[in-house]
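Colleague: Dumping the structure here so I can ask a few things about it.
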Amino acid sequence: MFDIELSRARKLAAQGDDNRDLLFVTVSRRTFYRWMGDGDRHEPKPETVRVLMYMFDMLDEPPMALFEEVGDVPLGAAPSPFDASALLGIGSAPSAVDPALLALAAGQITEIVEHYEMLGPQQLAREALLLRSVLHVLLSGRQTLRQRERTMQLCGQVSALLGYMSVNSGQPRTAEGYLAEAMGVAVEIEDTALQMWVLGTQSFSLYYQQDYKKADEAARMAVELDPSSPLAIRPLINGRARALARLGVKREAEYVIGAGLALAGRADDLPEGVSSCISLGAYSPARTLANAITAHLSLGDTSKVFSLAKEIEPMVVSSESVWTRALVGLDLATAHLQGNRPDIEQAMALGTTAIEAGGMPPIRSVHQRGGELLRQAGAWRGEAGVREYAERLRSWEASPLVAPLVASATT
């Protein structure tokens, strides 16, 4: 989508500046992700800057404004409800959908998933919103039935991703709208995999709203759609197991954890390492165990927490997922506060490391677990380590990117 916009901007710049050289400006994929991921402040060539200023309608601003940090997440209000079946209607325009454009859209969804834990919703929401608008424009014209079904599937996927981003950004009402949109499409085209993923994300959202009963119900509905599918691992472990553990239903929670791990053990071709949290595919074994750790922590089974953490430690340490390292670290920190011999110093050290992980875009789950750790350490609030952690947490919460999450948690 960036390339499409860049192509349009090149023409505008060449015409507006009467400079044909601007028609040949390019931005490599590597450069694009360096700008987006590393906060690179190195100003590009003057010709590239000029085209980018046209692209972002920033002709009256200084060039380095292109690299200013992003503030709040532009997900907006929940999308207006629509009738998914109406999208199957025949448009008035002749079919003009280039199959390459649908392939580009599918590739862009893959890129969003692969770079999500590096860039976070603060950056990728804009990309997903643009992709959604392009796909909706495509649906307004005439297409073959196969093209239309594929376009609708992509529409459903990008809306599902926007729903997940909204949960991570602390915007549950917005998440509901996008997830309802995705579910409407998934039901219409009978995409069971997408239905399972949307229900799993609804469970995820309800979990962080502390509505654990409904979170379990949504996850159970997802599993029932295809209990033997590897896609059922996510609603079992991330959904049912964690929600049941919070409800204190120990025996049932342990059964569901076992079912999730057994399904993961039987599944073929699961991703290696720590799969992306927003992946539309099946959980990797390492991500499955990371979620099992959270469930066992809620059950007070610290021995399981420590043993599972040790099992996945090599994969977590080598993973590019800063969020996973932070969340596992916070779970371990909390586990150190439990039991007969709590290790306050180790718990606070792990907690501090987790919330100060370098370059981590903030998400709701890290903020919530960081706060829970402080509350559990309340009995030792006079300890120097606890006071220091509390100060570090307050400082982190006051930072420009985290402050909106804090505000959403109190409204």
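Chain lettering (A, B, ...) mirrors the order of the structure tokens, residue numbering begins at 1 for each chain separately, and ligand numbering begins at 1 in order of display.
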Please identify all polymer residues within 8 Å of stretch 4-19 of chain A, counting only C-alpha atoms, omitting same-chain residues fewer than 5 positions from it, and present them as a list of chain:residue names.
Modeller: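 Contacts, in chain order: A:Phe24, A:Val25, A:Thr26, A:Arg50, A:Val51, A:Leu52, A:Tyr54, A:Met55.
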Colleague: List the spatial neighbours of stretch 156-160 of chain A as number ranges by chain - criterion: any atom at most 6 Å away, only C-alpha atoms, same-chain residues fewer than 5 positions off excluded.
Modeller: A: 178-179, 182, 185
Colleague: Go ahead and save the picked residues with N, CA and C atoms, as a compact mmCIF listing (two decimals), in the first residue's frame.
Modeller:
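Result file follows (out08.txt):
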# COMPACT_ATOMS: atom_id res chain seq x y z
N TYR A 178 -15.06 -3.85 14.89
CA TYR A 178 -14.26 -4.50 13.85
C TYR A 178 -14.46 -6.02 13.86
N LEU A 179 -14.56 -6.60 15.05
CA LEU A 179 -14.73 -8.06 15.13
C LEU A 179 -16.11 -8.48 14.63
N ALA A 182 -15.79 -8.46 10.91
CA ALA A 182 -15.05 -9.64 10.45
C ALA A 182 -15.90 -10.90 10.54
N VAL A 185 -18.53 -11.16 7.71
CA VAL A 185 -17.93 -11.62 6.46
C VAL A 185 -17.62 -13.11 6.54
Colleague: Kindly indicate which residue among A:Val198, A:Leu261, A:Ala232, A:Ala403 lies nearest to A:Glu176, using only C-alpha atoms for the distances.
Modeller: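 Nearest to A:Glu176: A:Val198.
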Colleague: Pick out the residues sitting within 8 Å of A:Ser284, and hand them over as a list in words; count only C-alpha atoms, and ignore anything fewer than 4 positions along from it in its own chain.
Modeller: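 Final neighbour list, sorted by chain and number: Leu270, Pro271, Glu272, Gly273, Val274, Ser275 and Thr288 of chain A.
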Colleague: Just the residues within 8 Å of A:Leu332, please, counting only C-alpha atoms, with nothing from its chain fewer than 3 positions along; format it as a count of residues only.
Modeller: 9
Colleague: Give me, as a list of chain:residue names, all polymer residues having an atom no more than 12 Å from A:Ile109, counting only C-alpha atoms and skipping those fewer than 6 positions away in the same chain.
Modeller: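 The neighbour list is A:Met1, A:Leu102, A:Ala103, A:His115, A:Tyr116, A:Leu124, A:Ala125, A:Glu127, A:Ala128, A:Leu129, A:Leu130, A:Leu131, A:Arg132, A:Leu135, A:Gln153, A:Leu154, A:Cys155, A:Gly156, A:Gln157, A:Val158, A:Ser159, A:Ala160, A:Leu161, A:Leu162, A:Ile278, A:Ser279, A:Leu280.
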Colleague: Could you tell me how far atom CA of A:Thr201 lies from atom CA of A:Thr324, in Å and to one decimal?
Modeller: 17.4 Å
Colleague: Go ahead and compute the interatomic distance for atom CA of A:Pro342 and atom CA of A:Ala295, in Å to one decimal.
Modeller: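 The value is 19.6 Å.
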